[in-house]
$ cat protein04.cif   # mmCIF, C-alpha atoms and all ligand atoms
data_my_file
#
loop_
_atom_site.label_atom_id
_atom_site.label_comp_id
_atom_site.auth_asym_id
_atom_site.auth_seq_id
_atom_site.Cartn_x
_atom_site.Cartn_y
_atom_site.Cartn_z
CA MET P 1 -2.09 14.54 -2.22
CA GLU P 2 -2.67 16.07 1.19
CA PRO P 3 -4.58 19.26 2.01
CA ALA P 4 -1.38 20.78 3.46
CA THR P 5 -0.18 21.02 -0.11
CA LYS P 6 -0.09 24.27 -2.06
CA ILE P 7 -1.77 23.93 -5.40
CA GLY P 8 -2.11 26.32 -8.31
CA VAL P 9 -5.08 26.90 -10.59
CA LEU P 10 -4.25 28.51 -13.93
CA GLY P 11 -7.33 30.11 -15.50
CA ALA P 12 -10.02 31.35 -13.12
CA GLY P 13 -13.03 31.37 -15.44
CA THR P 14 -16.20 29.29 -15.06
CA MET P 15 -14.28 26.12 -14.17
CA GLY P 16 -11.17 27.55 -12.53
CA ALA P 17 -13.25 29.53 -10.03
CA GLY P 18 -15.20 26.41 -9.05
CA ILE P 19 -11.99 24.40 -8.69
CA VAL P 20 -10.49 27.12 -6.46
CA GLN P 21 -13.58 26.94 -4.23
CA LEU P 22 -13.35 23.16 -3.99
CA ALA P 23 -9.63 23.27 -3.22
CA VAL P 24 -9.81 25.90 -0.46
CA GLN P 25 -12.81 24.28 1.20
CA SER P 26 -10.83 21.01 1.16
CA GLY P 27 -8.02 22.69 3.10
CA TYR P 28 -5.51 23.49 0.33
CA GLU P 29 -3.53 26.71 0.00
CA VAL P 30 -4.35 27.87 -3.52
CA VAL P 31 -2.68 30.28 -5.92
CA ALA P 32 -5.35 31.28 -8.45
CA CYS P 33 -3.87 32.83 -11.56
CA ASP P 34 -5.65 34.35 -14.55
CA ALA P 35 -4.42 36.63 -17.32
CA SER P 36 -7.48 38.83 -16.83
CA VAL P 37 -8.08 41.05 -13.77
CA GLU P 38 -11.84 41.04 -14.51
CA ALA P 39 -11.88 37.23 -14.53
CA LEU P 40 -10.09 37.19 -11.16
CA GLU P 41 -12.60 39.66 -9.73
CA ARG P 42 -15.53 37.55 -10.97
CA ALA P 43 -13.86 34.43 -9.56
CA GLN P 44 -13.39 36.06 -6.15
CA VAL P 45 -17.11 36.89 -6.02
CA TYR P 46 -17.98 33.35 -7.19
CA VAL P 47 -15.82 31.69 -4.52
CA HIS P 48 -17.00 34.03 -1.78
CA GLU P 49 -20.68 33.51 -2.60
CA GLY P 50 -20.17 29.77 -3.13
CA LEU P 51 -18.55 29.33 0.29
CA SER P 52 -21.34 31.38 1.93
CA ARG P 53 -23.98 29.17 0.28
CA PHE P 54 -22.23 26.01 1.55
CA ALA P 55 -22.01 27.57 5.03
CA ALA P 56 -25.72 28.49 4.94
CA ARG P 57 -26.48 24.83 4.14
CA GLY P 58 -24.46 23.74 7.16
CA ALA P 59 -21.42 22.27 5.33
CA PHE P 60 -19.19 24.42 7.55
CA SER P 61 -19.50 27.49 9.77
CA GLU P 62 -19.31 31.12 8.58
CA ASP P 63 -15.92 31.40 10.34
CA GLU P 64 -14.66 28.33 8.49
CA ALA P 65 -15.97 29.78 5.21
CA ALA P 66 -13.93 32.94 5.87
CA ALA P 67 -10.83 30.84 6.66
CA HIS P 68 -11.36 28.83 3.44
CA TYR P 69 -11.61 32.05 1.43
CA ASP P 70 -8.39 33.37 2.97
CA ARG P 71 -6.48 30.30 1.74
CA ALA P 72 -6.81 31.58 -1.84
CA HIS P 73 -4.22 33.97 -3.21
CA TRP P 74 -5.23 35.74 -6.44
CA THR P 75 -2.77 36.90 -9.07
CA THR P 76 -2.22 37.75 -12.74
CA ASN P 77 1.45 36.81 -12.39
CA THR P 78 2.06 33.20 -13.49
CA GLU P 79 5.43 33.18 -11.69
CA GLU P 80 3.60 33.09 -8.36
CA LEU P 81 2.76 29.45 -9.15
CA HIS P 82 6.47 28.61 -8.88
CA ASP P 83 6.30 26.65 -5.59
CA ALA P 84 3.02 24.81 -6.19
CA GLU P 85 3.21 21.05 -5.82
CA ALA P 86 0.54 20.64 -8.48
CA VAL P 87 -1.13 23.04 -10.90
CA ILE P 88 -4.54 22.50 -12.47
CA GLU P 89 -4.71 24.25 -15.84
CA ALA P 90 -8.21 25.52 -16.74
CA ILE P 91 -7.66 28.02 -19.56
CA VAL P 92 -9.43 28.15 -22.91
CA GLU P 93 -10.11 24.84 -24.76
CA LYS P 94 -7.64 25.39 -27.60
CA VAL P 95 -4.57 23.26 -28.33
CA GLY P 96 -2.09 26.11 -29.00
CA PRO P 97 -2.71 28.18 -25.84
CA LYS P 98 -2.89 25.04 -23.67
CA LYS P 99 0.45 23.74 -25.01
CA GLU P 100 2.02 27.15 -24.46
CA ALA P 101 0.67 27.29 -20.91
CA LEU P 102 1.86 23.76 -20.09
CA ALA P 103 5.33 24.44 -21.52
CA ALA P 104 5.55 27.62 -19.40
CA LEU P 105 4.45 25.71 -16.28
CA ASP P 106 7.03 23.01 -17.03
CA ALA P 107 9.77 25.64 -17.15
CA LEU P 108 8.55 27.29 -13.93
CA LEU P 109 7.62 24.45 -11.57
CA PRO P 110 9.94 22.23 -9.51
CA PRO P 111 10.75 19.00 -11.40
CA GLU P 112 8.63 16.87 -9.05
CA ALA P 113 5.49 19.04 -9.43
CA LEU P 114 2.46 17.61 -11.20
CA ILE P 115 0.62 19.31 -14.05
CA PHE P 116 -3.09 18.56 -14.33
CA THR P 117 -5.30 19.86 -17.12
CA ASN P 118 -9.04 20.40 -17.07
CA THR P 119 -9.30 19.92 -20.83
CA SER P 120 -12.68 18.52 -21.88
CA SER P 121 -11.52 16.91 -25.09
CA ILE P 122 -7.88 17.43 -26.08
CA SER P 123 -5.49 14.44 -26.05
CA ILE P 124 -3.45 14.39 -22.82
CA THR P 125 -0.61 12.70 -24.74
CA ASP P 126 -0.58 15.65 -27.12
CA LEU P 127 -0.64 18.31 -24.38
CA ALA P 128 1.95 16.48 -22.26
CA GLY P 129 4.26 16.52 -25.29
CA ALA P 130 4.66 20.28 -24.76
CA THR P 131 6.50 19.53 -21.49
CA ASN P 132 9.65 17.67 -20.49
CA ARG P 133 7.71 15.75 -17.85
CA PRO P 134 4.95 13.91 -19.78
CA GLU P 135 4.85 11.21 -17.08
CA ARG P 136 3.78 13.90 -14.56
CA VAL P 137 0.93 15.31 -16.72
CA CYS P 138 -2.63 14.02 -16.38
CA GLY P 139 -6.20 15.16 -17.02
CA THR P 140 -8.51 16.14 -14.18
CA HIS P 141 -11.76 16.92 -15.97
CA PHE P 142 -14.13 18.55 -13.50
CA PHE P 143 -17.76 19.05 -14.46
CA THR P 144 -19.73 22.23 -14.02
CA PRO P 145 -20.26 23.49 -11.40
CA PRO P 146 -17.19 21.82 -9.80
CA PRO P 147 -18.30 22.27 -6.17
CA VAL P 148 -21.56 20.43 -6.93
CA ARG P 149 -20.93 17.65 -9.48
CA GLU P 150 -19.96 14.37 -7.86
CA ALA P 151 -17.52 12.74 -10.31
CA VAL P 152 -14.31 13.91 -11.97
CA GLU P 153 -13.05 12.26 -15.15
CA ILE P 154 -9.32 11.44 -15.10
CA PRO P 155 -8.09 10.97 -18.67
CA ARG P 156 -4.48 9.79 -18.74
CA GLY P 157 -1.98 10.22 -21.56
CA LYS P 158 0.09 7.41 -23.09
CA LEU P 159 3.10 8.51 -20.99
CA THR P 160 1.28 9.45 -17.75
CA SER P 161 2.79 7.35 -14.96
CA ASP P 162 0.69 5.22 -12.63
CA GLU P 163 1.98 7.35 -9.71
CA THR P 164 0.62 10.50 -11.36
CA VAL P 165 -2.76 8.88 -11.98
CA GLU P 166 -2.79 7.82 -8.32
CA ALA P 167 -1.96 11.39 -7.24
CA ALA P 168 -4.79 12.72 -9.45
CA ARG P 169 -7.17 10.20 -7.91
CA SER P 170 -6.12 11.12 -4.39
CA LEU P 171 -6.43 14.86 -5.11
CA VAL P 172 -9.96 14.34 -6.43
CA ARG P 173 -10.88 12.17 -3.44
CA SER P 174 -9.50 14.81 -1.07
CA PHE P 175 -11.96 17.24 -2.74
CA GLY P 176 -14.76 14.83 -1.74
CA LYS P 177 -15.31 13.77 -5.38
CA LEU P 178 -15.38 10.44 -7.15
CA PRO P 179 -12.44 9.95 -9.56
CA VAL P 180 -13.08 7.93 -12.73
CA VAL P 181 -10.00 7.09 -14.81
CA VAL P 182 -10.22 7.00 -18.62
CA SER P 183 -7.21 5.06 -19.89
CA GLY P 184 -7.79 5.02 -23.66
CA ASP P 185 -6.52 8.20 -25.33
CA VAL P 186 -9.88 8.92 -27.01
CA PRO P 187 -10.97 12.36 -28.28
CA GLY P 188 -13.61 13.83 -25.95
CA PHE P 189 -12.86 11.16 -23.33
CA VAL P 190 -16.11 9.55 -22.10
CA ALA P 191 -18.33 12.36 -20.83
CA ASN P 192 -18.18 14.58 -23.90
CA ARG P 193 -18.76 11.65 -26.23
CA PHE P 194 -22.25 11.66 -24.70
CA LEU P 195 -22.77 15.36 -24.14
CA VAL P 196 -21.59 16.61 -27.56
CA PRO P 197 -23.87 14.34 -29.65
CA MET P 198 -26.81 15.44 -27.48
CA LEU P 199 -26.10 19.09 -28.28
CA LEU P 200 -25.42 18.32 -31.96
CA GLU P 201 -28.70 16.43 -32.32
CA ALA P 202 -30.60 19.23 -30.57
CA CYS P 203 -29.15 21.85 -32.97
CA ARG P 204 -29.85 19.69 -36.03
CA LEU P 205 -33.43 19.03 -34.90
CA LEU P 206 -33.94 22.76 -34.42
CA GLU P 207 -32.36 23.56 -37.80
CA ALA P 208 -34.64 20.95 -39.41
CA GLY P 209 -37.69 22.62 -37.81
CA ALA P 210 -38.59 19.49 -35.82
CA ALA P 211 -39.83 21.47 -32.79
CA PRO P 212 -39.12 24.74 -30.96
CA LYS P 213 -36.08 24.60 -28.66
CA LYS P 214 -38.21 24.84 -25.52
CA ASP P 215 -40.14 21.73 -26.61
CA ILE P 216 -36.94 19.83 -27.43
CA ASP P 217 -35.62 20.66 -23.95
CA LEU P 218 -38.99 19.72 -22.45
CA LEU P 219 -39.04 16.29 -24.11
CA VAL P 220 -35.50 15.52 -23.02
CA LYS P 221 -36.31 16.53 -19.43
CA LYS P 222 -39.87 15.38 -18.91
CA GLY P 223 -39.83 12.49 -21.38
CA LEU P 224 -36.36 11.04 -21.02
CA GLY P 225 -35.97 12.18 -17.42
CA PHE P 226 -32.71 14.08 -17.91
CA PRO P 227 -32.20 16.82 -15.28
CA ILE P 228 -31.53 19.50 -17.90
CA GLY P 229 -32.35 20.00 -21.60
CA PRO P 230 -29.59 20.17 -24.27
CA PHE P 231 -30.07 23.88 -25.04
CA GLU P 232 -30.16 24.79 -21.35
CA LEU P 233 -27.03 22.72 -20.80
CA GLY P 234 -25.22 24.39 -23.72
CA ASP P 235 -26.03 27.83 -22.28
CA PHE P 236 -24.87 26.70 -18.84
CA ILE P 237 -21.53 25.31 -20.08
CA GLY P 238 -20.84 28.27 -22.37
CA LEU P 239 -21.44 27.99 -26.12
CA ASP P 240 -17.82 29.01 -26.92
CA VAL P 241 -16.61 26.09 -24.78
CA ALA P 242 -19.20 23.76 -26.38
CA LEU P 243 -18.07 24.85 -29.87
CA ASP P 244 -14.37 24.40 -29.02
CA VAL P 245 -15.00 20.91 -27.60
CA THR P 246 -17.08 19.90 -30.64
CA SER P 247 -14.39 21.26 -32.99
CA GLN P 248 -11.64 19.39 -31.12
CA ILE P 249 -13.50 16.08 -31.36
CA HIS P 250 -14.32 16.75 -35.04
CA GLU P 251 -10.67 17.47 -35.82
CA ALA P 252 -9.30 14.56 -33.80
CA THR P 253 -11.73 11.94 -35.15
CA GLY P 254 -12.10 13.31 -38.69
CA ASN P 255 -15.72 12.16 -38.39
CA PRO P 256 -18.12 14.56 -40.21
CA TYR P 257 -20.78 13.69 -37.61
CA TYR P 258 -18.98 16.04 -35.21
CA ALA P 259 -18.89 19.02 -37.62
CA PRO P 260 -20.11 21.97 -35.51
CA PRO P 261 -23.64 23.04 -36.54
CA LYS P 262 -23.99 26.47 -38.21
CA LEU P 263 -26.45 27.53 -35.49
CA LEU P 264 -23.82 27.03 -32.79
CA GLN P 265 -21.12 28.76 -34.83
CA ASP P 266 -23.41 31.75 -35.54
CA LEU P 267 -24.31 32.20 -31.86
CA VAL P 268 -20.64 32.17 -30.83
CA ARG P 269 -19.67 34.53 -33.66
CA SER P 270 -22.31 37.01 -32.46
CA GLY P 271 -21.04 36.83 -28.86
CA LYS P 272 -24.10 34.95 -27.56
CA LEU P 273 -22.21 32.53 -25.34
CA GLY P 274 -25.01 31.46 -22.97
CA GLN P 275 -25.67 32.41 -19.35
CA LYS P 276 -22.30 34.12 -18.94
CA THR P 277 -23.16 36.79 -21.57
CA GLY P 278 -26.89 36.97 -20.80
CA GLN P 279 -27.85 35.37 -24.11
CA GLY P 280 -27.29 32.08 -25.87
CA PHE P 281 -30.02 29.75 -27.06
CA TYR P 282 -32.15 31.55 -24.46
CA GLU P 283 -32.11 35.03 -22.96
CA TYR P 284 -31.19 35.61 -19.30
CA SER P 285 -31.94 38.78 -17.38
N1 LIG P 301 -17.52 25.32 -19.00
C1 LIG P 301 -17.68 24.06 -18.72
O1 LIG P 301 -18.79 23.59 -18.45
C2 LIG P 301 -16.50 23.12 -18.69
C3 LIG P 301 -16.68 21.85 -18.12
C4 LIG P 301 -15.59 20.99 -18.03
C5 LIG P 301 -14.36 21.38 -18.51
N2 LIG P 301 -14.22 22.62 -19.09
C6 LIG P 301 -12.88 22.99 -19.57
O2 LIG P 301 -12.28 23.84 -18.62
C7 LIG P 301 -11.41 24.77 -19.30
C8 LIG P 301 -11.84 26.18 -18.96
O3 LIG P 301 -13.19 26.35 -19.37
P1 LIG P 301 -14.07 27.56 -18.77
O4 LIG P 301 -15.47 27.24 -19.13
O5 LIG P 301 -13.69 27.81 -17.37
O6 LIG P 301 -13.55 28.74 -19.71
P2 LIG P 301 -13.64 30.31 -19.40
O7 LIG P 301 -13.54 30.96 -20.73
O8 LIG P 301 -14.79 30.61 -18.52
O9 LIG P 301 -12.31 30.60 -18.55
C9 LIG P 301 -11.02 30.52 -19.08
C10 LIG P 301 -10.15 31.51 -18.31
O10 LIG P 301 -8.78 31.31 -18.67
C11 LIG P 301 -8.16 32.60 -18.73
N3 LIG P 301 -6.99 32.42 -19.58
C12 LIG P 301 -6.94 32.18 -20.90
N4 LIG P 301 -5.66 32.02 -21.30
C13 LIG P 301 -4.89 32.16 -20.19
C14 LIG P 301 -3.49 32.07 -19.93
N5 LIG P 301 -2.63 31.76 -20.91
N6 LIG P 301 -3.05 32.28 -18.68
C15 LIG P 301 -3.91 32.57 -17.67
N7 LIG P 301 -5.25 32.65 -17.85
C16 LIG P 301 -5.73 32.43 -19.10
C17 LIG P 301 -9.22 33.53 -19.27
O11 LIG P 301 -8.96 34.87 -18.93
C18 LIG P 301 -10.48 32.98 -18.60
O12 LIG P 301 -10.75 33.64 -17.38
C19 LIG P 301 -11.49 24.42 -20.78
O13 LIG P 301 -10.45 23.55 -21.08
C20 LIG P 301 -12.84 23.73 -20.89
O14 LIG P 301 -12.94 22.86 -21.97
C21 LIG P 301 -15.25 23.49 -19.17
#

$ encode --input "protein04.cif" --output "structure tokens" --more "lines below"
Ligand SMILES: NC(=O)c1ccc[n+]([C@@H]2O[C@H](COP(=O)([O-])OP(=O)(O)OC[C@H]3O[C@@H](n4cnc5c(N)ncnc54)[C@H](O)[C@@H]3O)[C@@H](O)[C@H]2O)c1
Amino acid sequence: MEPATKIGVLGAGTMGAGIVQLAVQSGYEVVACDASVEALERAQVYVHEGLSRFAARGAFSEDEAAAHYDRAHWTTNTEELHDAEAVIEAIVEKVGPKKEALAALDALLPPEALIFTNTSSISITDLAGATNRPERVCGTHFFTPPPVREAVEIPRGKLTSDETVEAARSLVRSFGKLPVVVSGDVPGFVANRFLVPMLLEACRLLEAGAAPKKDIDLLVKKGLGFPIGPFELGDFIGLDVALDVTSQIHEATGNPYYAPPKLLQDLVRSGKLGQKTGQGFYEYS
């Protein structure tokens, strides 16, 4: 794909906002669509501040940052995605809403348009089945925060065509990122088959009274050399997203190992979703 292309981003939450920033700073015209006005407002602030930070670090000038920002068009009206050549879906990690969204995009977009999904764990084959163009549906799994992380996982579905995988690769490369294709249709793809067990083990160790959460994070960081501890990472990702991803892998594999821990379920039920709500495993002021 070329930066002259107009692309759509459906869902402008934590990930969608980061993907919009990446796309505009890579030269794309972007239609950013979210059902929530508040989410769009937060995303606008995120993209504006993100571009300013990149400009301050010398990635581009302040004038270029302003021009990048102006390439984004913000809307709550899904129909404004109608002439996008590709749409990246980044709504909530639940099968029903994602299938509904993909079916609606399929009905709206030109037949040659590509539909990419930022799902972290749901089968691309399954999601693509909600459309009449399964060969033009592919995963583009960005990591958080999208403007910073270097690689993007590209899970393909059983019916995704080689041309679509190539287009996903070229889109990711045009964002300055490294595409890594996952061909087997495995629940959780590759990245979350590492991340989820880390979070599960951390919760189970805490529930078993092995050590306080700060010490578990400390050992993982200072002992194992990971850049971030499991509880800090969970709070950063969003505990609702972490719970949804864990539940999807649990359901898809049927493996009791992936049963979401009560601690994680309780935090989400009480609205403690991590950094985005000011409280998760830790408190944020
Ligand atoms: N948070 C992470 O670290 C992370 C990392 C990689 C991938 N993902 C994946 O990215 C996707 C989005 O995650 P997120 O963390 O950005 O979630 P989020 O809850 O921050 O954002 C989701 C956004 O989608 C909007 N939305 C929901 N349904 C919609 C619809 N039908 N139409 C338009 N907008 C709709 C919501 O208003 C919200 O703003 C999920 O599939 C998630 O698994 C998340």

$ closest_residue --input "protein04.cif" --among "P:Tyr69, P:Phe116, P:Trp74, P:Phe142" --to "ligand LIG 301 (chain P)" --atoms "all atoms listed in the file"
P:Phe142

$ closest_residue --input "protein04.cif" --among "P:Ala86, P:Ala130, P:Ala210, P:Ala39" --to "ligand LIG 301 (chain P)" --atoms "only C-alpha atoms and all ligand atoms"
P:Ala39

$ closest_residue --input "protein04.cif" --among "P:Thr14, P:Thr76, P:Gln279, P:Ser61" --to "ligand LIG 301 (chain P)" --atoms "only C-alpha atoms and all ligand atoms"
P:Thr14

$ residues_near_ligand --input "protein04.cif" --ligand "ligand LIG 301 (chain P)" --cutoff "9 Å" --atoms "all atoms listed in the file" --output "ChimeraX atom specification"
/P:10-18,33-40,42-43,76-78,89-94,97-98,100-101,117-122,140-146,233-234,236-242,244-245,276

$ write_last_selection --input "protein04.cif" --atoms "C-alpha atoms" --output "short mmCIF file (atom, residue, chain, number, x, y, z; two decimals), in the coordinates of the input"
data_model
loop_
_atom_site.label_atom_id
_atom_site.label_comp_id
_atom_site.auth_asym_id
_atom_site.auth_seq_id
_atom_site.Cartn_x
_atom_site.Cartn_y
_atom_site.Cartn_z
CA LEU P 10 -4.25 28.51 -13.93
CA GLY P 11 -7.33 30.11 -15.50
CA ALA P 12 -10.02 31.35 -13.12
CA GLY P 13 -13.03 31.37 -15.44
CA THR P 14 -16.20 29.29 -15.06
CA MET P 15 -14.28 26.12 -14.17
CA GLY P 16 -11.17 27.55 -12.53
CA ALA P 17 -13.25 29.53 -10.03
CA GLY P 18 -15.20 26.41 -9.05
CA CYS P 33 -3.87 32.83 -11.56
CA ASP P 34 -5.65 34.35 -14.55
CA ALA P 35 -4.42 36.63 -17.32
CA SER P 36 -7.48 38.83 -16.83
CA VAL P 37 -8.08 41.05 -13.77
CA GLU P 38 -11.84 41.04 -14.51
CA ALA P 39 -11.88 37.23 -14.53
CA LEU P 40 -10.09 37.19 -11.16
CA ARG P 42 -15.53 37.55 -10.97
CA ALA P 43 -13.86 34.43 -9.56
CA THR P 76 -2.22 37.75 -12.74
CA ASN P 77 1.45 36.81 -12.39
CA THR P 78 2.06 33.20 -13.49
CA GLU P 89 -4.71 24.25 -15.84
CA ALA P 90 -8.21 25.52 -16.74
CA ILE P 91 -7.66 28.02 -19.56
CA VAL P 92 -9.43 28.15 -22.91
CA GLU P 93 -10.11 24.84 -24.76
CA LYS P 94 -7.64 25.39 -27.60
CA PRO P 97 -2.71 28.18 -25.84
CA LYS P 98 -2.89 25.04 -23.67
CA GLU P 100 2.02 27.15 -24.46
CA ALA P 101 0.67 27.29 -20.91
CA THR P 117 -5.30 19.86 -17.12
CA ASN P 118 -9.04 20.40 -17.07
CA THR P 119 -9.30 19.92 -20.83
CA SER P 120 -12.68 18.52 -21.88
CA SER P 121 -11.52 16.91 -25.09
CA ILE P 122 -7.88 17.43 -26.08
CA THR P 140 -8.51 16.14 -14.18
CA HIS P 141 -11.76 16.92 -15.97
CA PHE P 142 -14.13 18.55 -13.50
CA PHE P 143 -17.76 19.05 -14.46
CA THR P 144 -19.73 22.23 -14.02
CA PRO P 145 -20.26 23.49 -11.40
CA PRO P 146 -17.19 21.82 -9.80
CA LEU P 233 -27.03 22.72 -20.80
CA GLY P 234 -25.22 24.39 -23.72
CA PHE P 236 -24.87 26.70 -18.84
CA ILE P 237 -21.53 25.31 -20.08
CA GLY P 238 -20.84 28.27 -22.37
CA LEU P 239 -21.44 27.99 -26.12
CA ASP P 240 -17.82 29.01 -26.92
CA VAL P 241 -16.61 26.09 -24.78
CA ALA P 242 -19.20 23.76 -26.38
CA ASP P 244 -14.37 24.40 -29.02
CA VAL P 245 -15.00 20.91 -27.60
CA LYS P 276 -22.30 34.12 -18.94
#

$ residues_around --input "protein04.cif" --residues "P:Leu218" --least-positions-apart "5" --cutoff "10 Å" --atoms "only C-alpha atoms" --output "list in words"
Pro212, Lys213, Gly223, Leu224, Gly225, Phe226, Ile228, Gly229 and Pro230 of chain P

$ closest_atom_pairs --input "protein04.cif" --of "stretch 130-235 of chain P" --to "stretch 255-260 of chain P" --cutoff "12 Å" --atoms "all atoms listed in the file" --output "JSON lines"
{"residue": "P:Pro187", "atom": "CA", "partner": "P:Asn255", "partner_atom": "CA", "distance": 11.2}
{"residue": "P:Gly188", "atom": "CA", "partner": "P:Tyr258", "partner_atom": "CA", "distance": 10.9}
{"residue": "P:Asn192", "atom": "CA", "partner": "P:Tyr258", "partner_atom": "CA", "distance": 11.4}
{"residue": "P:Arg193", "atom": "CA", "partner": "P:Tyr258", "partner_atom": "CA", "distance": 10.0}
{"residue": "P:Phe194", "atom": "CA", "partner": "P:Tyr258", "partner_atom": "CA", "distance": 11.8}
{"residue": "P:Leu195", "atom": "CA", "partner": "P:Tyr258", "partner_atom": "CA", "distance": 11.7}
{"residue": "P:Val196", "atom": "CA", "partner": "P:Tyr258", "partner_atom": "CA", "distance": 8.1}
{"residue": "P:Pro197", "atom": "CA", "partner": "P:Tyr258", "partner_atom": "CA", "distance": 7.6}
{"residue": "P:Met198", "atom": "CA", "partner": "P:Tyr258", "partner_atom": "CA", "distance": 11.0}
{"residue": "P:Leu199", "atom": "CA", "partner": "P:Pro260", "partner_atom": "CA", "distance": 9.8}
{"residue": "P:Leu200", "atom": "CA", "partner": "P:Pro260", "partner_atom": "CA", "distance": 7.4}
{"residue": "P:Glu201", "atom": "CA", "partner": "P:Tyr257", "partner_atom": "CA", "distance": 9.9}
{"residue": "P:Ala202", "atom": "CA", "partner": "P:Pro260", "partner_atom": "CA", "distance": 11.9}
{"residue": "P:Cys203", "atom": "CA", "partner": "P:Pro260", "partner_atom": "CA", "distance": 9.4}
{"residue": "P:Arg204", "atom": "CA", "partner": "P:Pro260", "partner_atom": "CA", "distance": 10.0}

$ write_last_selection --input "protein04.cif" --atoms "C-alpha atoms" --output "PDB file, in the coordinates of the input"
ATOM      1  CA  PRO P 187     -10.970  12.360 -28.280  1.00  0.00           C
ATOM      2  CA  GLY P 188     -13.610  13.830 -25.950  1.00  0.00           C
ATOM      3  CA  ASN P 192     -18.180  14.580 -23.900  1.00  0.00           C
ATOM      4  CA  ARG P 193     -18.760  11.650 -26.230  1.00  0.00           C
ATOM      5  CA  PHE P 194     -22.250  11.660 -24.700  1.00  0.00           C
ATOM      6  CA  LEU P 195     -22.770  15.360 -24.140  1.00  0.00           C
ATOM      7  CA  VAL P 196     -21.590  16.610 -27.560  1.00  0.00           C
ATOM      8  CA  PRO P 197     -23.870  14.340 -29.650  1.00  0.00           C
ATOM      9  CA  MET P 198     -26.810  15.440 -27.480  1.00  0.00           C
ATOM     10  CA  LEU P 199     -26.100  19.090 -28.280  1.00  0.00           C
ATOM     11  CA  LEU P 200     -25.420  18.320 -31.960  1.00  0.00           C
ATOM     12  CA  GLU P 201     -28.700  16.430 -32.320  1.00  0.00           C
ATOM     13  CA  ALA P 202     -30.600  19.230 -30.570  1.00  0.00           C
ATOM     14  CA  CYS P 203     -29.150  21.850 -32.970  1.00  0.00           C
ATOM     15  CA  ARG P 204     -29.850  19.690 -36.030  1.00  0.00           C
TER      16      ARG P 204
END

$ atom_distance --input "protein04.cif" --atom1 "atom CA of P:Tyr28" --atom2 "atom CA of P:Val165"
19.3 Å

$ residues_around --input "protein04.cif" --residues "P:His73" --least-positions-apart "5" --cutoff "8 Å" --atoms "all atoms listed in the file" --output "PDB file with C-alpha atoms, keeping the file's coordinate frame"
ATOM      1  CA  GLU P  29      -3.530  26.710   0.000  1.00  0.00           C
ATOM      2  CA  VAL P  30      -4.350  27.870  -3.520  1.00  0.00           C
ATOM      3  CA  VAL P  31      -2.680  30.280  -5.920  1.00  0.00           C
ATOM      4  CA  ALA P  32      -5.350  31.280  -8.450  1.00  0.00           C
TER       5      ALA P  32
END

$ residues_around --input "protein04.cif" --residues "P:Ser183" --least-positions-apart "5" --cutoff "12 Å" --atoms "all atoms listed in the file" --output "PyMOL selection string"
chain P and resi 123-125+138-139+153-162+165+189-190
